[in-house]
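For reference, the structure is listed below as structure tokens.
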Amino acid sequence: MSKLQRFNSFVGGLLTVFFGYALYMAPFMGVDMISVVMTAALLLLGIRSLYFYFSMARHMVGGKNSLIYGIILIDLGVCAYMMQSFSPVYIMIYLLVIHSFYGATDIMVALRARRLKSRSWRIKLLTGLGNLTLGVLAIVFGFTGDDIFNVIYIYALGVVYTGIMRMANAFRRTAVPYIQ
């Protein structure tokens with residue numbers, strides 16, 4: 001990871017922590033803030049993935065994964081945008097399912113990295129377990145509780161956790177492969 005990538009990762013983690021703190025301090029605006037930020041993030045990530053596909057990945061082995069990933073992210077972003085007129089409970093459940101899916105994906109990546117004898121599998125597993133646990137807890141509280149603020153507090157905690165783990169990844173040493 002270059003110094004610029006480390007800086008971008010740290011600043012992105014810091015912004016994520018501030019967003020989680022803002023959600024925690026203003027839960028009455030939480031659903032609207034979450035839906036706008038998640039819609040924008042999903043759409044931007046999808047557009048970035050499609051740009052990568054059309055500029056470089058179409059010439060690479062496995063480049064179609066970038067195309068499929070971009071289409072799915074844009075689809076999820078449009079779906080999140082369309083759900084803004086729904087009840088806040090449905091919006092929160094949709095976003096928390098995405099959060100749980102992200103955690104499950106991190107766990108699968110960590111287990112694969114462990115099989116490949118990589119050193120970085122522990123922090124990825126910790127991130128995935130934390131995200132999955134917070135997502136499942138929020139979904140359970142969303143279905144059993146009448147107060148949407150509890151779900152927003154749990155989601156804010158998950159966002160802060162994700163930001164802290166992203167900042168920690170910025171300081172982690174990465175291996176540089178040398179070809180001789």
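Labeling convention for the structure tokens: chains A, B, ... as they appear, residues from 1 per chain, ligands from 1 in order of appearance.
Counting only C-alpha atoms, Phe141 of chain A has the following residues at most 12 Å away, ignoring those fewer than 6 positions along the same chain: Val89, Met92, Ile93, Leu96, Leu134, Gly135, Asp147, Ile148, Phe149, Asn150, Val151, Ile152, Tyr153, Ile154 and Tyr155 of chain A.
Nearest residue to Gly20 of chain A among A:Asn8, A:Asn169, A:Thr162, A:Thr39 is A:Thr162, counting only C-alpha atoms.
If you measure from each of A:Ile91, A:Leu76, A:Val97, A:Val11 to Leu42 of chain A using only C-alpha atoms, the closest one turns out to be A:Leu76.
Take atom CA of Ala170 of chain A and atom CA of Leu125 of chain A: the distance between them is 16.5 Å.
Atom CA of Cys79 of chain A sits 21.0 Å away from atom CA of Ala104 of chain A.
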TODO: Just the residues within 12 Å of Leu73 of chain A, please, counting only C-alpha atoms, with nothing from its chain fewer than 3 positions along; format it as JSON, numbers by chain.
DONE: {"A": [38, 39, 40, 41, 42, 43, 44, 45, 46, 47, 48, 49, 50, 66, 67, 68, 69, 70, 76, 77, 78, 79, 80, 98]}
Task: All alpha helix (DSSP H) positions in segment 6-180 of chain A, as a PyMOL selection string - done: chain A and resi 6-25+30-55+64-82+88-115+121-144+148-171
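For Val109 of chain A, the list of residues within 12 Å, based on only C-alpha atoms and with local chain neighbours fewer than 4 positions off taken out, reads Tyr102, Gly103, Ala104, Thr105, Ala113, Arg114, Arg115, Leu116, Ser118, Ser120, Trp121, Arg122, Ile123, Lys124, Leu125, Leu126, Thr127, Gly128 and Leu129 of chain A.
Of the residues under consideration (A:Leu157, A:Arg173, A:Leu4, A:Ala168), A:Leu157 shows the shortest atom-to-atom contact distance to Ala22 of chain A when counting only C-alpha atoms.
Computed from the coordinates, the atom CA of Asp32 of chain A to atom CA of Tyr81 of chain A distance equals 10.7 Å.
Here the question is which of A:Lys3, A:Leu23, A:Ser55, A:Gly130 gets nearest to Val37 of chain A using only C-alpha atoms, and that residue is A:Leu23.
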Open item on the list: Restricting the calculation to only C-alpha atoms: of A:Phe19, A:Met82, A:Gly63, A:Phe10, which residue gets closest to Tyr94 of chain A?
Closed with: A:Met82
